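Colleague: Hey, dropping coords34.txt in here, compact mmCIF, C-alpha atoms and all ligand atoms:
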# COMPACT_ATOMS: atom_id res chain seq x y z
CA MET A 170 54.78 -0.28 -14.57
CA LEU A 171 54.33 -0.47 -18.34
CA ASN A 172 50.67 -0.17 -19.25
CA GLN A 173 49.70 0.19 -22.87
CA ALA A 174 46.36 -0.44 -24.62
CA VAL A 175 46.06 -1.19 -28.34
CA THR A 176 42.62 -0.28 -29.76
CA ALA A 177 40.46 -1.41 -32.73
CA ASP A 178 37.01 -0.16 -33.94
CA PRO A 179 34.17 -2.71 -33.74
CA VAL A 180 31.00 -0.56 -34.31
CA CYS A 181 30.13 -1.43 -37.96
CA GLN A 182 30.71 -5.09 -37.21
CA PHE A 183 28.04 -4.92 -34.48
CA ALA A 184 25.45 -3.57 -36.97
CA ALA A 185 26.40 -6.25 -39.52
CA ASP A 186 26.20 -9.08 -36.96
CA VAL A 187 22.85 -7.86 -35.61
CA ARG A 188 21.45 -7.70 -39.13
CA ALA A 189 22.77 -11.17 -40.04
CA GLY A 190 21.56 -12.78 -36.80
CA LEU A 191 18.06 -11.28 -36.79
CA THR A 192 17.31 -11.90 -40.47
CA LYS A 193 18.06 -15.63 -40.31
CA ARG A 194 15.22 -17.71 -41.70
CA SER A 195 15.44 -20.29 -38.93
CA GLN A 196 16.38 -19.57 -35.31
CA LYS A 197 17.23 -15.87 -34.81
CA GLU A 198 20.45 -15.39 -32.90
CA LEU A 199 22.91 -12.80 -31.66
CA PRO A 200 26.59 -13.46 -30.84
CA SER A 201 27.06 -13.70 -27.08
CA LYS A 202 30.15 -11.48 -27.14
CA TYR A 203 27.80 -8.50 -27.53
CA LEU A 204 26.34 -9.16 -24.08
CA TYR A 205 29.46 -7.50 -22.66
CA ASP A 206 29.23 -3.76 -23.19
CA ASP A 207 29.80 -1.55 -20.10
CA VAL A 208 26.37 -2.33 -18.66
CA GLY A 209 26.58 -6.04 -19.51
CA SER A 210 30.04 -6.39 -18.00
CA ALA A 211 28.86 -4.68 -14.80
CA LEU A 212 25.81 -7.01 -14.66
CA PHE A 213 28.06 -10.03 -15.18
CA GLU A 214 30.13 -8.92 -12.16
CA VAL A 215 26.89 -9.01 -10.13
CA ILE A 216 25.95 -12.45 -11.53
CA SER A 217 29.31 -13.76 -10.37
CA VAL A 218 28.43 -13.06 -6.71
CA LEU A 219 24.84 -14.38 -6.80
CA PRO A 220 24.14 -17.31 -4.46
CA GLU A 221 22.73 -19.40 -7.34
CA TYR A 222 25.81 -18.90 -9.54
CA GLY A 223 28.73 -20.79 -8.00
CA LEU A 224 30.94 -20.89 -11.09
CA THR A 225 33.08 -17.79 -10.47
CA ARG A 226 33.57 -18.55 -6.78
CA ALA A 227 34.68 -22.11 -7.64
CA ASP A 228 37.15 -20.76 -10.22
CA GLU A 229 38.52 -18.25 -7.68
CA ARG A 230 38.78 -20.86 -4.90
CA LEU A 231 40.77 -23.23 -7.11
CA LEU A 232 43.14 -20.50 -8.27
CA ARG A 233 43.63 -19.23 -4.71
CA GLN A 234 44.26 -22.71 -3.31
CA HIS A 235 46.49 -24.03 -6.09
CA ALA A 236 48.24 -20.99 -7.61
CA TYR A 237 51.71 -21.99 -6.37
CA GLU A 238 51.27 -25.63 -7.48
CA ILE A 239 50.18 -24.42 -10.92
CA VAL A 240 53.08 -22.01 -11.29
CA ASP A 241 55.56 -24.63 -9.99
CA ARG A 242 54.73 -26.73 -13.05
CA LEU A 243 55.86 -23.97 -15.43
CA PRO A 244 59.50 -23.51 -16.46
CA GLY A 245 61.70 -20.41 -15.87
CA GLU A 246 60.70 -17.11 -17.43
CA VAL A 247 56.96 -16.83 -18.12
CA VAL A 248 54.87 -14.38 -20.15
CA ALA A 249 51.26 -14.66 -18.94
CA ALA A 250 48.47 -13.82 -21.40
CA GLU A 251 44.83 -13.88 -20.41
CA LEU A 252 41.87 -14.11 -22.80
CA GLY A 253 38.96 -12.07 -21.46
CA SER A 254 40.46 -10.98 -18.16
CA GLY A 255 37.24 -9.42 -16.81
CA SER A 256 37.92 -7.56 -13.57
CA GLY A 257 41.20 -9.47 -13.11
CA LYS A 258 40.36 -10.43 -9.50
CA LYS A 259 40.81 -14.18 -9.90
CA THR A 260 44.06 -13.77 -11.83
CA ARG A 261 45.70 -12.06 -8.85
CA TRP A 262 46.58 -15.41 -7.23
CA ILE A 263 48.46 -16.69 -10.27
CA LEU A 264 50.22 -13.37 -10.81
CA GLU A 265 51.33 -13.19 -7.18
CA ALA A 266 52.73 -16.73 -7.47
CA LEU A 267 54.57 -15.78 -10.68
CA ALA A 268 55.81 -12.50 -9.15
CA SER A 269 57.30 -14.41 -6.20
CA ARG A 270 59.70 -16.02 -8.71
CA GLN A 271 60.61 -13.18 -11.07
CA GLN A 272 59.59 -10.07 -13.01
CA THR A 273 56.71 -11.17 -15.30
CA TYR A 274 54.77 -9.61 -18.16
CA TYR A 275 51.00 -9.98 -17.88
CA CYS A 276 48.98 -9.31 -21.07
CA PRO A 277 45.20 -9.16 -20.54
CA ILE A 278 43.29 -9.36 -23.85
CA GLU A 279 39.78 -7.87 -23.74
CA ILE A 280 37.26 -6.38 -26.17
CA SER A 281 35.70 -4.28 -23.39
CA PRO A 282 37.81 -1.19 -22.65
CA THR A 283 36.02 -0.79 -19.32
CA ALA A 284 36.88 -4.34 -18.22
CA LEU A 285 40.46 -3.83 -19.37
CA ALA A 286 40.80 -0.61 -17.35
CA MET A 287 39.21 -2.29 -14.31
CA CYS A 288 41.60 -5.23 -14.60
CA GLU A 289 44.61 -2.93 -14.84
CA ARG A 290 43.45 -0.95 -11.77
CA GLU A 291 42.82 -4.15 -9.82
CA LEU A 292 46.25 -5.67 -10.44
CA ARG A 293 48.68 -2.77 -10.74
CA ASP A 294 49.75 -2.99 -7.09
CA ILE A 295 51.46 -6.38 -7.58
CA ASP A 296 55.23 -5.86 -7.53
CA CYS A 297 57.22 -7.49 -10.32
CA ILE A 298 54.23 -7.65 -12.70
CA SER A 299 54.27 -5.44 -15.82
CA ILE A 300 50.81 -5.12 -17.35
CA VAL A 301 50.43 -4.65 -21.12
CA GLY A 302 46.72 -4.59 -22.04
CA PHE A 303 45.38 -5.43 -25.51
CA GLU A 304 41.93 -4.13 -26.50
CA ARG A 305 41.44 -6.87 -29.06
CA GLU A 306 39.51 -9.99 -30.03
CA TYR A 307 41.05 -13.01 -28.28
CA LEU A 308 43.05 -14.58 -31.10
CA ASP A 309 44.23 -11.30 -32.63
CA GLY A 310 45.49 -10.22 -29.23
CA LEU A 311 47.14 -13.56 -28.55
CA ARG A 312 48.96 -13.51 -31.89
CA GLU A 313 50.35 -10.09 -31.00
CA VAL A 314 51.50 -11.26 -27.60
CA ALA A 315 53.12 -14.37 -29.13
CA ALA A 316 54.88 -12.27 -31.79
CA ARG A 317 56.30 -9.88 -29.17
CA ARG A 318 57.57 -12.44 -26.65
CA GLN A 319 61.30 -12.71 -26.09
CA GLN A 320 63.12 -15.79 -27.24
CA GLY A 321 63.21 -18.48 -24.56
CA ALA A 322 60.22 -17.14 -22.63
CA HIS A 323 57.43 -19.61 -21.84
CA LEU A 324 53.97 -18.42 -22.86
CA MET A 325 51.17 -19.32 -20.47
CA VAL A 326 47.70 -18.54 -21.76
CA MET A 327 44.89 -18.31 -19.21
CA PHE A 328 41.32 -18.81 -20.32
CA LEU A 329 39.43 -18.85 -17.05
CA GLY A 330 35.84 -18.73 -15.86
CA SER A 331 34.63 -21.41 -18.32
CA THR A 332 34.27 -18.91 -21.14
CA ILE A 333 35.23 -21.83 -23.41
CA GLY A 334 31.78 -23.23 -22.56
CA ASN A 335 30.23 -20.27 -24.40
CA PHE A 336 31.49 -21.64 -27.73
CA ASP A 337 29.27 -24.01 -29.71
CA ARG A 338 30.50 -27.56 -30.16
CA PRO A 339 32.80 -28.20 -32.06
CA ALA A 340 33.80 -24.52 -32.29
CA ASP A 341 35.41 -24.90 -28.86
CA VAL A 342 37.92 -27.45 -30.21
CA LYS A 343 38.52 -25.31 -33.26
CA PHE A 344 39.21 -22.29 -31.05
CA LEU A 345 41.52 -24.31 -28.77
CA ARG A 346 43.40 -25.50 -31.86
CA GLU A 347 43.82 -21.87 -32.93
CA ILE A 348 45.27 -21.10 -29.51
CA ARG A 349 47.59 -24.09 -29.89
CA ARG A 350 48.73 -22.75 -33.27
CA THR A 351 49.97 -19.52 -31.66
CA LEU A 352 52.01 -21.48 -29.10
CA LEU A 353 55.29 -23.35 -29.19
CA PRO A 354 55.63 -26.93 -27.93
CA GLY A 355 55.93 -26.82 -24.12
CA ASP A 356 53.87 -23.60 -23.75
CA SER A 357 50.79 -23.94 -21.58
CA LEU A 358 47.10 -23.25 -21.36
CA LEU A 359 45.34 -22.87 -18.02
CA LEU A 360 41.70 -23.55 -18.84
CA GLY A 361 38.77 -23.14 -16.44
CA THR A 362 35.78 -25.37 -17.25
CA ASP A 363 32.40 -25.73 -15.58
CA LEU A 364 31.42 -29.38 -15.12
CA GLU A 365 28.09 -31.20 -15.42
CA LYS A 366 25.77 -30.83 -12.46
CA PRO A 367 22.10 -31.46 -11.55
CA LEU A 368 19.58 -29.71 -13.78
CA PRO A 369 17.74 -27.66 -11.09
CA GLN A 370 21.08 -26.24 -9.93
CA LEU A 371 21.99 -25.34 -13.50
CA LEU A 372 18.67 -23.72 -14.35
CA ALA A 373 18.74 -21.62 -11.17
CA ALA A 374 22.26 -20.44 -12.03
CA TYR A 375 21.00 -19.03 -15.33
CA ASP A 376 17.60 -17.76 -14.15
CA ASP A 377 18.29 -16.31 -10.73
CA SER A 378 15.59 -15.15 -8.34
CA LEU A 379 16.70 -11.48 -8.40
CA GLY A 380 16.46 -11.30 -12.18
CA VAL A 381 20.07 -10.17 -12.71
CA THR A 382 20.66 -12.75 -15.46
CA ALA A 383 17.41 -11.65 -17.09
CA ALA A 384 18.66 -8.03 -17.04
CA PHE A 385 22.03 -9.18 -18.43
CA ASN A 386 20.27 -10.88 -21.32
CA LEU A 387 17.76 -8.07 -22.00
CA ASN A 388 20.58 -5.53 -21.96
CA LEU A 389 21.57 -6.88 -25.36
CA LEU A 390 18.33 -5.43 -26.79
CA ALA A 391 18.88 -2.22 -24.81
CA ARG A 392 22.38 -2.04 -26.31
CA ILE A 393 20.95 -2.38 -29.83
CA ASN A 394 18.57 0.50 -28.96
CA ARG A 395 21.45 2.63 -27.64
CA GLU A 396 23.99 1.95 -30.36
CA LEU A 397 21.89 1.23 -33.45
CA ASP A 398 18.88 3.51 -32.70
CA ALA A 399 16.52 0.51 -32.57
CA ASP A 400 13.08 0.59 -30.93
CA PHE A 401 12.97 -2.69 -29.01
CA ASP A 402 10.30 -2.45 -26.26
CA LEU A 403 12.09 -4.40 -23.50
CA ALA A 404 8.79 -5.07 -21.71
CA GLN A 405 7.70 -7.13 -24.74
CA PHE A 406 10.59 -9.62 -24.44
CA GLU A 407 11.43 -12.02 -21.63
CA HIS A 408 14.50 -13.96 -20.56
CA GLU A 409 14.48 -17.74 -20.82
CA ALA A 410 17.11 -20.28 -19.73
CA ARG A 411 16.65 -23.80 -21.10
CA PHE A 412 18.73 -26.98 -21.07
CA ASN A 413 19.55 -28.66 -24.37
CA THR A 414 19.93 -32.34 -23.45
CA GLN A 415 21.63 -33.26 -26.71
CA SER A 416 24.46 -30.74 -26.46
CA ARG A 417 24.45 -30.70 -22.63
CA SER A 418 24.33 -26.92 -22.68
CA ILE A 419 22.26 -24.20 -21.11
CA GLU A 420 20.85 -21.84 -23.74
CA MET A 421 19.76 -18.29 -23.04
CA HIS A 422 16.98 -16.91 -25.20
CA LEU A 423 14.91 -13.72 -25.40
CA ARG A 424 11.27 -14.58 -26.05
CA SER A 425 8.97 -12.18 -27.86
CA LYS A 426 5.72 -11.87 -25.87
CA MET A 427 3.66 -10.93 -28.94
CA ASP A 428 3.71 -10.44 -32.72
CA GLN A 429 5.79 -7.30 -33.29
CA VAL A 430 8.08 -5.47 -35.70
CA VAL A 431 11.27 -3.79 -34.49
CA ALA A 432 13.13 -1.16 -36.51
CA ILE A 433 16.93 -1.09 -36.33
CA PRO A 434 17.86 1.93 -38.50
CA ARG A 435 21.64 1.76 -38.13
CA ALA A 436 21.60 -1.88 -39.24
CA GLU A 437 19.23 -0.89 -42.08
CA VAL A 438 16.66 -3.51 -41.19
CA SER A 439 13.20 -4.03 -39.65
CA VAL A 440 12.66 -7.38 -37.95
CA LYS A 441 9.36 -9.24 -37.53
CA PHE A 442 8.86 -11.37 -34.42
CA ALA A 443 6.01 -13.83 -33.96
CA ALA A 444 4.59 -14.33 -30.46
CA ASP A 445 6.84 -16.84 -28.60
CA GLU A 446 9.60 -16.63 -31.17
CA THR A 447 13.02 -16.38 -29.53
CA ILE A 448 16.44 -14.86 -30.14
CA TRP A 449 19.17 -17.25 -29.04
CA THR A 450 21.78 -15.16 -27.24
CA GLU A 451 24.13 -17.58 -25.46
CA THR A 452 25.16 -21.21 -25.11
CA THR A 453 26.97 -22.41 -22.03
CA HIS A 454 28.25 -25.95 -22.20
CA LYS A 455 28.97 -28.14 -19.19
CA TYR A 456 31.85 -30.60 -19.57
CA SER A 457 32.43 -34.13 -18.33
CA ARG A 458 35.95 -34.96 -17.12
CA HIS A 459 36.38 -37.57 -19.83
CA GLU A 460 35.34 -35.08 -22.50
CA LEU A 461 38.02 -32.66 -21.27
CA LEU A 462 40.78 -35.23 -21.81
CA GLN A 463 39.52 -35.90 -25.34
CA THR A 464 39.24 -32.18 -26.04
CA ALA A 465 42.84 -31.56 -24.91
CA MET A 466 44.10 -34.25 -27.28
CA ALA A 467 41.94 -33.10 -30.19
CA ALA A 468 43.33 -29.57 -29.79
CA GLY A 469 47.00 -30.62 -29.66
CA PHE A 470 47.62 -30.50 -25.90
CA ARG A 471 48.28 -33.02 -23.14
CA CYS A 472 46.70 -32.63 -19.75
CA GLU A 473 49.47 -31.94 -17.22
CA ALA A 474 47.15 -31.58 -14.20
CA GLN A 475 43.56 -30.95 -13.20
CA TRP A 476 42.10 -29.45 -10.00
CA ILE A 477 38.41 -29.87 -9.13
CA ASP A 478 36.44 -27.76 -6.66
CA ALA A 479 34.79 -29.63 -3.79
CA GLU A 480 31.69 -27.36 -3.52
CA TRP A 481 30.73 -26.60 -7.14
CA PRO A 482 31.77 -29.02 -9.91
CA PHE A 483 34.36 -26.97 -11.78
CA ALA A 484 37.80 -27.94 -13.11
CA GLU A 485 40.99 -25.94 -13.57
CA ASN A 486 43.01 -27.72 -16.29
CA LEU A 487 46.70 -27.18 -17.00
CA TRP A 488 47.41 -28.29 -20.57
CA ILE A 489 50.81 -28.38 -22.25
CA ALA A 490 51.20 -27.79 -26.00
CA GLU A 491 52.55 -30.95 -27.68
C1 LIG A 501 31.17 -15.95 -19.07
N1 LIG A 501 30.43 -17.20 -19.01
C2 LIG A 501 31.27 -18.29 -18.57
C3 LIG A 501 29.18 -17.14 -18.27
C4 LIG A 501 28.51 -18.53 -18.27
O1 LIG A 501 28.22 -19.01 -17.19
O2 LIG A 501 28.33 -19.10 -19.33
C5 LIG A 501 28.23 -16.11 -18.85
C6 LIG A 501 26.90 -16.09 -18.19
N2 LIG A 501 25.75 -16.06 -18.79
C7 LIG A 501 24.77 -16.02 -17.94
N3 LIG A 501 25.29 -16.08 -16.72
C8 LIG A 501 26.61 -16.10 -16.86
Now that the file is in, can you turn its structure into structure tokens?
Modeller:
Amino acid sequence: MLNQAVTADPVCQFAADVRAGLTKRSQKELPSKYLYDDVGSALFEVISVLPEYGLTRADERLLRQHAYEIVDRLPGEVVAAELGSGSGKKTRWILEALASRQQTYYCPIEISPTALAMCERELRDIDCISIVGFEREYLDGLREVAARRQQGAHLMVMFLGSTIGNFDRPADVKFLREIRRTLLPGDSLLLGTDLEKPLPQLLAAYDDSLGVTAAFNLNLLARINRELDADFDLAQFEHEARFNTQSRSIEMHLRSKMDQVVAIPRAEVSVKFAADETIWTETTHKYSRHELLQTAMAAGFRCEAQWIDAEWPFAENLWIAE
């Protein structure tokens, strides 16, 4: 089994992004991708099995139930690329369906080396699947995969787990257009999207009773302490999940419990927080079915098929590049 990781160095970028996000004059913010260091990725694995958080189970159920139908809609030889593969567990069903047809390359693209290694360990037992991991940002990795594919091979990109919902609107369409640009007409995108649901259900999913999501969010400050020598007192910040009715998104924030100043030496900055001021750390958008059709068109795809989970409103969308 071929298994090769390509690495890049993101440390200075983290310091620059922290400095830019925390010195904003209006709402302070931090990019949500930094939630996923080793600790954050492990906490996210726990979130995905919490009773309140049905999203990952819905995604897995749909892929398990419909993997062969999905793969039957793809032509001949397929190269499968996955953006943000995580542990790789849910991808197994699709890879097994592909492997039942022919030898297939699977290229997980991940910024977390730990998640990439976990994914490779999880899936290496599948016969007829050759794993080539890319430790890269999504689009950089995808461009490399597209450049290396053999002539005539169909590229299927998987973007599962509703990670697309973590982009601001309209950055999601912009990102999907960028994906489309790396593809040839007839290539495909398998996109997992969480759908609208009642507010109490949504709020519980992002503020669970065990406090795992709170730990996941606060770990971002702990990460800044670990990597940038900062002195955030975690006890003086609290997790908050709120629903933005205009954008139909859940927002995660970290609320300062008092007036305080935090030093972040490796980002060369000290940051003042007023009591109740928040750092916005993540957006998670919930789609309507109609919106998904419009989004596909706006990004240069047509919707080939859509599968919806019966227990937790979630859609698996198979889009074809026009
Ligand atoms: C990865 N992503 C789809 C998750 C979500 O639901 O937006 C991240 C997450 N944040 C808090 N809980 C889960």
Colleague: Between atom O2 of ligand LIG 501 (chain A) and CA of Asp377 (chain A), what is the spacing in Å?
Modeller: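 Between these atoms lies a distance of 13.5 Å.
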Colleague: Could the residues of chain A that have an atom at most 9 Å from ligand LIG 501 (chain A) be listed as JSON lines, each with its closest atom pair and the distance in Å to one decimal, counting only C-alpha atoms and all ligand atoms and ordered by chain and ascending residue number?
Modeller:
{"residue": "A:Ser201", "atom": "CA", "partner": "A:LIG501", "partner_atom": "C5", "distance": 8.7}
{"residue": "A:Leu204", "atom": "CA", "partner": "A:LIG501", "partner_atom": "N2", "distance": 8.7}
{"residue": "A:Phe213", "atom": "CA", "partner": "A:LIG501", "partner_atom": "C8", "distance": 6.5}
{"residue": "A:Ile216", "atom": "CA", "partner": "A:LIG501", "partner_atom": "N3", "distance": 6.4}
{"residue": "A:Ser217", "atom": "CA", "partner": "A:LIG501", "partner_atom": "C8", "distance": 7.4}
{"residue": "A:Tyr222", "atom": "CA", "partner": "A:LIG501", "partner_atom": "N3", "distance": 7.7}
{"residue": "A:Leu224", "atom": "CA", "partner": "A:LIG501", "partner_atom": "O1", "distance": 6.9}
{"residue": "A:Thr225", "atom": "CA", "partner": "A:LIG501", "partner_atom": "C2", "distance": 8.3}
{"residue": "A:Leu329", "atom": "CA", "partner": "A:LIG501", "partner_atom": "C2", "distance": 8.3}
{"residue": "A:Gly330", "atom": "CA", "partner": "A:LIG501", "partner_atom": "C2", "distance": 5.3}
{"residue": "A:Ser331", "atom": "CA", "partner": "A:LIG501", "partner_atom": "C2", "distance": 4.6}
{"residue": "A:Thr332", "atom": "CA", "partner": "A:LIG501", "partner_atom": "C2", "distance": 4.0}
{"residue": "A:Ile333", "atom": "CA", "partner": "A:LIG501", "partner_atom": "C2", "distance": 7.2}
{"residue": "A:Gly334", "atom": "CA", "partner": "A:LIG501", "partner_atom": "O2", "distance": 6.3}
{"residue": "A:Asn335", "atom": "CA", "partner": "A:LIG501", "partner_atom": "O2", "distance": 5.5}
{"residue": "A:Thr362", "atom": "CA", "partner": "A:LIG501", "partner_atom": "C2", "distance": 8.5}
{"residue": "A:Asp363", "atom": "CA", "partner": "A:LIG501", "partner_atom": "O1", "distance": 8.1}
{"residue": "A:Ala374", "atom": "CA", "partner": "A:LIG501", "partner_atom": "N3", "distance": 7.1}
{"residue": "A:Tyr375", "atom": "CA", "partner": "A:LIG501", "partner_atom": "N3", "distance": 5.4}
{"residue": "A:Asp376", "atom": "CA", "partner": "A:LIG501", "partner_atom": "N3", "distance": 8.3}
{"residue": "A:Val381", "atom": "CA", "partner": "A:LIG501", "partner_atom": "N3", "distance": 8.8}
{"residue": "A:Thr382", "atom": "CA", "partner": "A:LIG501", "partner_atom": "C7", "distance": 5.8}
{"residue": "A:Ala383", "atom": "CA", "partner": "A:LIG501", "partner_atom": "C7", "distance": 8.6}
{"residue": "A:Phe385", "atom": "CA", "partner": "A:LIG501", "partner_atom": "C7", "distance": 7.4}
{"residue": "A:Asn386", "atom": "CA", "partner": "A:LIG501", "partner_atom": "C7", "distance": 7.6}
{"residue": "A:Ala410", "atom": "CA", "partner": "A:LIG501", "partner_atom": "C7", "distance": 8.9}
{"residue": "A:Ile419", "atom": "CA", "partner": "A:LIG501", "partner_atom": "O2", "distance": 8.1}
{"residue": "A:Met421", "atom": "CA", "partner": "A:LIG501", "partner_atom": "C7", "distance": 7.5}
{"residue": "A:Glu451", "atom": "CA", "partner": "A:LIG501", "partner_atom": "N2", "distance": 7.0}
{"residue": "A:Thr452", "atom": "CA", "partner": "A:LIG501", "partner_atom": "O2", "distance": 6.9}
{"residue": "A:Thr453", "atom": "CA", "partner": "A:LIG501", "partner_atom": "O2", "distance": 4.5}
{"residue": "A:His454", "atom": "CA", "partner": "A:LIG501", "partner_atom": "O2", "distance": 7.4}
Colleague: Using only C-alpha atoms, please write the residues we just selected to a file, as an mmCIF file, keeping the file's coordinate frame.
Modeller:
data_model
loop_
_atom_site.group_PDB
_atom_site.id
_atom_site.type_symbol
_atom_site.label_atom_id
_atom_site.label_comp_id
_atom_site.auth_asym_id
_atom_site.auth_seq_id
_atom_site.Cartn_x
_atom_site.Cartn_y
_atom_site.Cartn_z
ATOM 1 C CA SER A 201 27.060 -13.700 -27.080
ATOM 2 C CA LEU A 204 26.340 -9.160 -24.080
ATOM 3 C CA PHE A 213 28.060 -10.030 -15.180
ATOM 4 C CA ILE A 216 25.950 -12.450 -11.530
ATOM 5 C CA SER A 217 29.310 -13.760 -10.370
ATOM 6 C CA TYR A 222 25.810 -18.900 -9.540
ATOM 7 C CA LEU A 224 30.940 -20.890 -11.090
ATOM 8 C CA THR A 225 33.080 -17.790 -10.470
ATOM 9 C CA LEU A 329 39.430 -18.850 -17.050
ATOM 10 C CA GLY A 330 35.840 -18.730 -15.860
ATOM 11 C CA SER A 331 34.630 -21.410 -18.320
ATOM 12 C CA THR A 332 34.270 -18.910 -21.140
ATOM 13 C CA ILE A 333 35.230 -21.830 -23.410
ATOM 14 C CA GLY A 334 31.780 -23.230 -22.560
ATOM 15 C CA ASN A 335 30.230 -20.270 -24.400
ATOM 16 C CA THR A 362 35.780 -25.370 -17.250
ATOM 17 C CA ASP A 363 32.400 -25.730 -15.580
ATOM 18 C CA ALA A 374 22.260 -20.440 -12.030
ATOM 19 C CA TYR A 375 21.000 -19.030 -15.330
ATOM 20 C CA ASP A 376 17.600 -17.760 -14.150
ATOM 21 C CA VAL A 381 20.070 -10.170 -12.710
ATOM 22 C CA THR A 382 20.660 -12.750 -15.460
ATOM 23 C CA ALA A 383 17.410 -11.650 -17.090
ATOM 24 C CA PHE A 385 22.030 -9.180 -18.430
ATOM 25 C CA ASN A 386 20.270 -10.880 -21.320
ATOM 26 C CA ALA A 410 17.110 -20.280 -19.730
ATOM 27 C CA ILE A 419 22.260 -24.200 -21.110
ATOM 28 C CA MET A 421 19.760 -18.290 -23.040
ATOM 29 C CA GLU A 451 24.130 -17.580 -25.460
ATOM 30 C CA THR A 452 25.160 -21.210 -25.110
ATOM 31 C CA THR A 453 26.970 -22.410 -22.030
ATOM 32 C CA HIS A 454 28.250 -25.950 -22.200
#
Colleague: Give me the residues near region 231-237 of chain A as a PyMOL selection string, where near means some atom within 6 Å (using only C-alpha atoms) and where sequence neighbours in that chain fewer than 4 positions away do not count.
Modeller: chain A and resi 241+262-263+266
Colleague: Measure the distance from CA of Lys258 (chain A) to CA of Leu462 (chain A) in Å and round it to one decimal.
Modeller: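 Here the two named atoms are 27.7 Å from each other.
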Colleague: Could you state the separation of CA of Phe406 (chain A) and CA of Asp207 (chain A) in Å, given to one decimal place?
Modeller: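 These atoms are spaced 21.3 Å apart.
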Colleague: For Ile278 (chain A), which residue among A:Ser457, A:Asn388, A:Ser254, A:Thr260 is the nearest when counting only C-alpha atoms?
Modeller: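 The shortest atom-to-atom distance to Ile278 (chain A) comes from A:Ser254.
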Colleague: Counting only C-alpha atoms, note down every residue that has an atom within 12 Å of the point (38.2, -33.0, -17.9) (file coordinates), as an MDAnalysis selection string.
Modeller: chainID A and resid 360:365 455:466 471:477 482:488
Colleague: Ranking A:Ala268, A:Leu308, A:Ala322, A:Leu387 by minimum distance to Asp402 (chain A) and counting only C-alpha atoms, which one comes first?
Modeller: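 Checking each of A:Ala268, A:Leu308, A:Ala322, A:Leu387 against Asp402 (chain A), counting only C-alpha atoms, the winner is A:Leu387.
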Colleague: What's the 10 Å shell around Glu396 (chain A), counting all atoms listed in the file, without same-chain residues fewer than 5 positions away, as number ranges by chain?
Modeller: A: 180, 183-184, 390-391, 433, 435-436
